[in-house]
$ cat work-v5.cif   # mmCIF, C-alpha atoms and all ligand atoms
data_start
#
loop_
_atom_site.group_PDB
_atom_site.id
_atom_site.type_symbol
_atom_site.label_atom_id
_atom_site.label_comp_id
_atom_site.auth_asym_id
_atom_site.auth_seq_id
_atom_site.Cartn_x
_atom_site.Cartn_y
_atom_site.Cartn_z
ATOM 1 C CA MET K 396 10.679 45.932 7.598
ATOM 2 C CA ASN K 397 6.944 46.496 7.748
ATOM 3 C CA GLN K 398 4.889 48.080 4.940
ATOM 4 C CA GLU K 399 4.913 51.511 6.626
ATOM 5 C CA GLU K 400 8.705 51.514 6.913
ATOM 6 C CA ARG K 401 8.975 50.228 3.355
ATOM 7 C CA LEU K 402 6.773 53.042 2.029
ATOM 8 C CA ARG K 403 8.741 55.624 4.024
ATOM 9 C CA ASN K 404 11.996 54.366 2.455
ATOM 10 C CA ILE K 405 10.499 54.301 -1.034
ATOM 11 C CA LEU K 406 9.213 57.877 -0.640
ATOM 12 C CA LEU K 407 12.605 58.930 0.704
ATOM 13 C CA SER K 408 14.263 57.511 -2.400
ATOM 14 C CA SER K 409 11.872 59.510 -4.594
ATOM 15 C CA LYS K 410 13.423 62.676 -3.125
ATOM 16 C CA LEU K 411 16.534 61.811 -5.163
ATOM 17 C CA GLY K 412 14.687 61.898 -8.457
ATOM 18 C CA PRO K 413 12.049 59.994 -10.358
ATOM 19 C CA ILE K 414 11.658 56.368 -9.353
ATOM 20 C CA THR K 415 10.176 53.427 -11.212
ATOM 21 C CA PRO K 416 8.957 50.060 -9.942
ATOM 22 C CA PHE K 417 11.047 47.000 -10.738
ATOM 23 C CA PHE K 418 9.926 43.416 -10.464
ATOM 24 C CA GLY K 419 10.466 42.025 -7.009
ATOM 25 C CA LEU K 420 11.495 38.661 -5.706
ATOM 26 C CA VAL K 421 9.107 36.128 -4.223
ATOM 27 C CA LYS K 422 10.952 33.286 -2.515
ATOM 28 C CA GLY K 423 14.013 34.119 -4.612
ATOM 29 C CA VAL K 424 12.113 34.011 -7.908
ATOM 30 C CA CYS K 425 11.527 37.080 -10.053
ATOM 31 C CA GLU K 426 7.895 38.161 -10.179
ATOM 32 C CA CYS K 427 8.121 38.217 -13.995
ATOM 33 C CA GLY K 428 8.442 34.431 -13.883
ATOM 34 C CA LYS K 429 11.664 34.163 -15.902
ATOM 35 C CA PRO K 430 14.604 32.140 -14.557
ATOM 36 C CA ARG K 431 17.992 33.699 -13.839
ATOM 37 C CA THR K 432 20.192 33.856 -16.932
ATOM 38 C CA ASP K 433 23.157 35.946 -18.040
ATOM 39 C CA LYS K 434 20.679 38.494 -19.409
ATOM 40 C CA HIS K 435 17.921 38.204 -16.791
ATOM 41 C CA LYS K 436 18.768 39.420 -13.307
ATOM 42 C CA PRO K 437 15.813 38.586 -11.037
ATOM 43 C CA GLY K 438 14.396 41.642 -9.296
ATOM 44 C CA LYS K 439 16.661 43.998 -11.209
ATOM 45 C CA HIS K 440 14.617 45.084 -14.205
ATOM 46 C CA PRO K 441 11.759 47.527 -14.772
ATOM 47 C CA ARG K 442 8.213 46.371 -14.328
ATOM 48 C CA PHE K 443 6.973 48.533 -17.202
ATOM 49 C CA GLY K 444 8.138 49.195 -20.732
ATOM 50 C CA GLY K 445 8.440 52.920 -21.325
ATOM 51 C CA TRP K 446 9.489 53.391 -17.712
ATOM 52 C CA GLN K 447 11.772 56.301 -18.639
ATOM 53 C CA ASN K 448 8.848 58.494 -19.639
ATOM 54 C CA ASP K 449 5.537 56.966 -18.638
ATOM 55 C CA TYR K 450 6.315 55.069 -15.436
ATOM 56 C CA SER K 451 8.747 57.177 -13.484
ATOM 57 C CA THR K 452 7.768 59.867 -11.037
ATOM 58 C CA THR K 453 8.412 61.691 -7.801
ATOM 59 C CA ASP K 454 4.658 62.073 -7.169
ATOM 60 C CA GLU K 455 4.000 60.683 -3.673
ATOM 61 C CA GLN K 456 0.443 59.570 -4.460
ATOM 62 C CA VAL K 457 1.535 57.600 -7.519
ATOM 63 C CA VAL K 458 4.460 56.061 -5.633
ATOM 64 C CA SER K 459 2.210 55.165 -2.680
ATOM 65 C CA GLY K 460 -0.223 53.525 -5.087
ATOM 66 C CA TRP K 461 2.549 51.488 -6.687
ATOM 67 C CA SER K 462 3.762 50.317 -3.285
ATOM 68 C CA VAL K 463 0.284 48.946 -2.538
ATOM 69 C CA GLN K 464 -0.326 47.577 -6.035
ATOM 70 C CA PHE K 465 3.100 45.905 -6.170
ATOM 71 C CA PRO K 466 3.994 45.038 -2.574
ATOM 72 C CA LYS K 467 7.069 43.004 -3.573
ATOM 73 C CA SER K 468 8.440 45.560 -6.048
ATOM 74 C CA ASN K 469 11.909 46.908 -5.879
ATOM 75 C CA PHE K 470 12.149 50.571 -6.819
ATOM 76 C CA ALA K 471 14.905 52.207 -8.817
ATOM 77 C CA VAL K 472 15.952 55.831 -8.697
ATOM 78 C CA ILE K 473 16.592 57.144 -12.176
ATOM 79 C CA SER K 474 19.974 58.716 -11.624
ATOM 80 C CA GLY K 475 21.577 61.467 -13.630
ATOM 81 C CA ILE K 476 18.556 63.765 -13.433
ATOM 82 C CA ASP K 477 18.438 65.065 -9.878
ATOM 83 C CA SER K 478 21.005 62.764 -8.328
ATOM 84 C CA VAL K 479 24.121 60.760 -9.034
ATOM 85 C CA VAL K 480 25.108 57.433 -7.551
ATOM 86 C CA LEU K 481 28.502 56.316 -6.345
ATOM 87 C CA ASP K 482 28.559 52.529 -6.703
ATOM 88 C CA LEU K 483 31.098 51.089 -4.276
ATOM 89 C CA ASP K 484 31.494 47.475 -5.292
ATOM 90 C CA ILE K 485 33.356 44.843 -3.365
ATOM 91 C CA ARG K 486 34.763 42.114 -5.569
ATOM 92 C CA ALA K 487 37.792 39.858 -5.585
ATOM 93 C CA GLY K 488 40.767 42.089 -4.831
ATOM 94 C CA LYS K 489 38.729 45.309 -4.988
ATOM 95 C CA ASN K 490 36.924 47.066 -2.170
ATOM 96 C CA GLY K 491 35.302 50.323 -3.246
ATOM 97 C CA VAL K 492 34.047 51.061 0.264
ATOM 98 C CA SER K 493 37.483 50.949 1.877
ATOM 99 C CA GLU K 494 39.091 52.724 -1.105
ATOM 100 C CA LEU K 495 36.681 55.667 -0.757
ATOM 101 C CA GLU K 496 37.280 55.773 2.996
ATOM 102 C CA ALA K 497 41.054 55.862 2.355
ATOM 103 C CA LEU K 498 40.600 58.707 -0.140
ATOM 104 C CA ALA K 499 38.593 60.686 2.419
ATOM 105 C CA VAL K 500 41.291 60.166 5.060
ATOM 106 C CA ALA K 501 44.036 61.171 2.596
ATOM 107 C CA ALA K 502 42.068 64.310 1.699
ATOM 108 C CA GLY K 503 41.437 65.087 5.362
ATOM 109 C CA LEU K 504 37.730 65.322 4.676
ATOM 110 C CA PRO K 505 34.966 63.282 6.244
ATOM 111 C CA LEU K 506 32.676 61.400 3.914
ATOM 112 C CA PRO K 507 29.407 63.313 3.681
ATOM 113 C CA GLN K 508 26.364 61.688 5.185
ATOM 114 C CA THR K 509 23.963 60.769 2.443
ATOM 115 C CA ILE K 510 21.355 58.221 1.554
ATOM 116 C CA THR K 511 23.157 54.917 1.408
ATOM 117 C CA VAL K 512 21.863 51.614 0.141
ATOM 118 C CA ILE K 513 23.540 48.427 1.282
ATOM 119 C CA SER K 514 23.728 46.077 -1.684
ATOM 120 C CA GLY K 515 21.690 42.906 -1.511
ATOM 121 C CA SER K 516 24.798 41.012 -2.629
ATOM 122 C CA GLY K 517 25.823 40.504 0.985
ATOM 123 C CA THR K 518 29.380 41.679 0.287
ATOM 124 C CA GLY K 519 29.006 45.027 2.084
ATOM 125 C CA ALA K 520 28.950 46.917 -1.230
ATOM 126 C CA LYS K 521 27.137 50.256 -1.059
ATOM 127 C CA HIS K 522 25.450 52.785 -3.276
ATOM 128 C CA LEU K 523 25.818 56.383 -2.109
ATOM 129 C CA TYR K 524 23.310 58.861 -3.505
ATOM 130 C CA PHE K 525 24.083 62.549 -3.928
ATOM 131 C CA LYS K 526 21.923 65.387 -5.166
ATOM 132 C CA VAL K 527 23.265 67.116 -8.248
ATOM 133 C CA PRO K 528 24.451 70.531 -7.017
ATOM 134 C CA PRO K 529 22.564 73.477 -8.540
ATOM 135 C CA ILE K 530 25.884 74.848 -9.806
ATOM 136 C CA CYS K 531 26.059 71.846 -12.163
ATOM 137 C CA GLU K 532 22.785 72.601 -13.933
ATOM 138 C CA GLY K 533 23.665 73.032 -17.588
ATOM 139 C CA SER K 534 27.392 72.751 -16.919
ATOM 140 C CA ALA K 535 29.331 70.730 -19.480
ATOM 141 C CA ALA K 536 32.117 70.200 -16.928
ATOM 142 C CA CYS K 537 29.719 68.588 -14.461
ATOM 143 C CA LYS K 538 28.220 66.391 -17.158
ATOM 144 C CA THR K 539 31.693 65.111 -17.985
ATOM 145 C CA VAL K 540 32.296 64.206 -14.363
ATOM 146 C CA HIS K 541 28.901 62.556 -14.034
ATOM 147 C CA SER K 542 29.360 60.404 -17.086
ATOM 148 C CA GLY K 543 32.619 59.111 -15.691
ATOM 149 C CA GLN K 544 34.722 60.416 -18.562
HETATM 150 ZN ZN ZN E 1 12.344 39.178 -13.990
#
$ encode --input "work-v5.cif" --output "structure tokens"
Amino acid sequence: MNQEERLRNILLSSKLGPITPFFGLVKGVCECGKPRTDKHKPGKHPRFGGWQNDYSTTDEQVVSGWSVQFPKSNFAVISGIDSVVLDLDIRAGKNGVSELEALAVAAGLPLPQTITVISGSGTGAKHLYFKVPPICEGSAACKTVHSGQ
């Protein structure tokens, strides 16, 4: 993927809600310089403290600037504001992708087309992003569903 395609994808992700830059990987090593541990997942943590308030945005100029300033950054969509994420893991004995497909078939409904991220794990796991429907704004029932309770 070239830089233009990368920026287009990053800007597309910002349509789902505020995004924030994460550290990236350079030759498999986290840009922060720390080694992989149980608590440190390379390339999977925010670049900035205070990211929730001071370093998250949907502003295209800011996002474009970050993509130039941090060309190896990963970017994370802050979910639960404008979008929700369905995380379809594939692990030993569990396949969230095929289970969702089976549910759709059983319901007789096609899976909606949406922004889908293929996990970097290489297992085929996916993250499906959905906009929060306007009907859910301020709805306690929707919040219960979104929080997984
Ligand atoms: Zn790191």
$ closest_residue --input "work-v5.cif" --among "K:Asp484, K:Pro466, K:Glu426, K:Trp461" --to "Ile513 of chain K" --atoms "only C-alpha atoms"
K:Asp484
$ residues_near_ligand --input "work-v5.cif" --ligand "ligand ZN 1 (chain E)" --cutoff "10 Å" --atoms "all atoms listed in the file" --output "PyMOL selection string"
chain K and resi 417-420+424-432+434-442
$ write_last_selection --input "work-v5.cif" --atoms "C-alpha atoms" --output "compact mmCIF listing (two decimals), in the coordinates of the input"
# COMPACT_ATOMS: atom_id res chain seq x y z
CA PHE K 417 11.05 47.00 -10.74
CA PHE K 418 9.93 43.42 -10.46
CA GLY K 419 10.47 42.02 -7.01
CA LEU K 420 11.50 38.66 -5.71
CA VAL K 424 12.11 34.01 -7.91
CA CYS K 425 11.53 37.08 -10.05
CA GLU K 426 7.90 38.16 -10.18
CA CYS K 427 8.12 38.22 -14.00
CA GLY K 428 8.44 34.43 -13.88
CA LYS K 429 11.66 34.16 -15.90
CA PRO K 430 14.60 32.14 -14.56
CA ARG K 431 17.99 33.70 -13.84
CA THR K 432 20.19 33.86 -16.93
CA LYS K 434 20.68 38.49 -19.41
CA HIS K 435 17.92 38.20 -16.79
CA LYS K 436 18.77 39.42 -13.31
CA PRO K 437 15.81 38.59 -11.04
CA GLY K 438 14.40 41.64 -9.30
CA LYS K 439 16.66 44.00 -11.21
CA HIS K 440 14.62 45.08 -14.20
CA PRO K 441 11.76 47.53 -14.77
CA ARG K 442 8.21 46.37 -14.33
$ closest_residue --input "work-v5.cif" --among "K:Asn490, K:Asn448, K:Asn404, K:Ser478" --to "Tyr524 of chain K" --atoms "only C-alpha atoms"
K:Ser478
$ atom_distance --input "work-v5.cif" --atom1 "atom CA of Leu498 of chain K" --atom2 "atom CA of Gly515 of chain K"
24.7 Å
$ closest_residue --input "work-v5.cif" --among "K:Asp477, K:Asp449, K:Glu494, K:Asp482" --to "Ala520 of chain K" --atoms "only C-alpha atoms"
K:Asp482
$ atom_distance --input "work-v5.cif" --atom1 "atom CA of Phe525 of chain K" --atom2 "atom CA of Pro507 of chain K"
9.3 Å
$ decode --input "work-v5.cif" --residues "segment 511-527 of chain K" --atoms "N, CA and C atoms" --output "PDB file, in the first residue's frame"
ATOM      1  N   THR K 511     -14.573  -3.159   6.977  1.00  0.00           N
ATOM      2  CA  THR K 511     -14.066  -4.378   7.598  1.00  0.00           C
ATOM      3  C   THR K 511     -12.548  -4.340   7.626  1.00  0.00           C
ATOM      4  N   VAL K 512     -12.008  -4.628   8.774  1.00  0.00           N
ATOM      5  CA  VAL K 512     -10.553  -4.687   8.924  1.00  0.00           C
ATOM      6  C   VAL K 512     -10.174  -6.142   9.139  1.00  0.00           C
ATOM      7  N   ILE K 513      -9.245  -6.615   8.317  1.00  0.00           N
ATOM      8  CA  ILE K 513      -8.714  -7.960   8.500  1.00  0.00           C
ATOM      9  C   ILE K 513      -7.612  -7.863   9.553  1.00  0.00           C
ATOM     10  N   SER K 514      -7.733  -8.664  10.589  1.00  0.00           N
ATOM     11  CA  SER K 514      -6.761  -8.625  11.678  1.00  0.00           C
ATOM     12  C   SER K 514      -5.359  -8.939  11.175  1.00  0.00           C
ATOM     13  N   GLY K 515      -4.390  -8.298  11.773  1.00  0.00           N
ATOM     14  CA  GLY K 515      -2.995  -8.581  11.436  1.00  0.00           C
ATOM     15  C   GLY K 515      -2.511  -9.900  12.010  1.00  0.00           C
ATOM     16  N   SER K 516      -3.378 -10.603  12.736  1.00  0.00           N
ATOM     17  CA  SER K 516      -2.972 -11.865  13.362  1.00  0.00           C
ATOM     18  C   SER K 516      -2.711 -12.963  12.342  1.00  0.00           C
ATOM     19  N   GLY K 517      -3.289 -12.792  11.139  1.00  0.00           N
ATOM     20  CA  GLY K 517      -3.120 -13.807  10.109  1.00  0.00           C
ATOM     21  C   GLY K 517      -4.082 -14.973  10.240  1.00  0.00           C
ATOM     22  N   THR K 518      -5.010 -14.905  11.185  1.00  0.00           N
ATOM     23  CA  THR K 518      -5.958 -16.004  11.387  1.00  0.00           C
ATOM     24  C   THR K 518      -7.208 -15.873  10.518  1.00  0.00           C
ATOM     25  N   GLY K 519      -7.416 -14.677   9.932  1.00  0.00           N
ATOM     26  CA  GLY K 519      -8.652 -14.409   9.201  1.00  0.00           C
ATOM     27  C   GLY K 519      -9.673 -13.691  10.071  1.00  0.00           C
ATOM     28  N   ALA K 520      -9.298 -13.391  11.317  1.00  0.00           N
ATOM     29  CA  ALA K 520     -10.193 -12.640  12.211  1.00  0.00           C
ATOM     30  C   ALA K 520     -10.493 -11.276  11.591  1.00  0.00           C
ATOM     31  N   LYS K 521     -11.673 -10.744  11.911  1.00  0.00           N
ATOM     32  CA  LYS K 521     -12.110  -9.479  11.314  1.00  0.00           C
ATOM     33  C   LYS K 521     -12.706  -8.569  12.371  1.00  0.00           C
ATOM     34  N   HIS K 522     -12.644  -7.289  12.085  1.00  0.00           N
ATOM     35  CA  HIS K 522     -13.367  -6.285  12.854  1.00  0.00           C
ATOM     36  C   HIS K 522     -14.343  -5.618  11.894  1.00  0.00           C
ATOM     37  N   LEU K 523     -15.629  -5.675  12.228  1.00  0.00           N
ATOM     38  CA  LEU K 523     -16.650  -5.034  11.405  1.00  0.00           C
ATOM     39  C   LEU K 523     -17.104  -3.765  12.114  1.00  0.00           C
ATOM     40  N   TYR K 524     -17.072  -2.662  11.404  1.00  0.00           N
ATOM     41  CA  TYR K 524     -17.449  -1.373  11.985  1.00  0.00           C
ATOM     42  C   TYR K 524     -18.842  -0.981  11.516  1.00  0.00           C
ATOM     43  N   PHE K 525     -19.641  -0.505  12.470  1.00  0.00           N
ATOM     44  CA  PHE K 525     -20.997  -0.047  12.156  1.00  0.00           C
ATOM     45  C   PHE K 525     -21.227   1.310  12.792  1.00  0.00           C
ATOM     46  N   LYS K 526     -21.892   2.194  12.050  1.00  0.00           N
ATOM     47  CA  LYS K 526     -22.287   3.473  12.613  1.00  0.00           C
ATOM     48  C   LYS K 526     -23.382   3.227  13.651  1.00  0.00           C
ATOM     49  N   VAL K 527     -23.353   4.007  14.715  1.00  0.00           N
ATOM     50  CA  VAL K 527     -24.418   3.945  15.700  1.00  0.00           C
ATOM     51  C   VAL K 527     -25.650   4.576  15.058  1.00  0.00           C
TER      52      VAL K 527
END
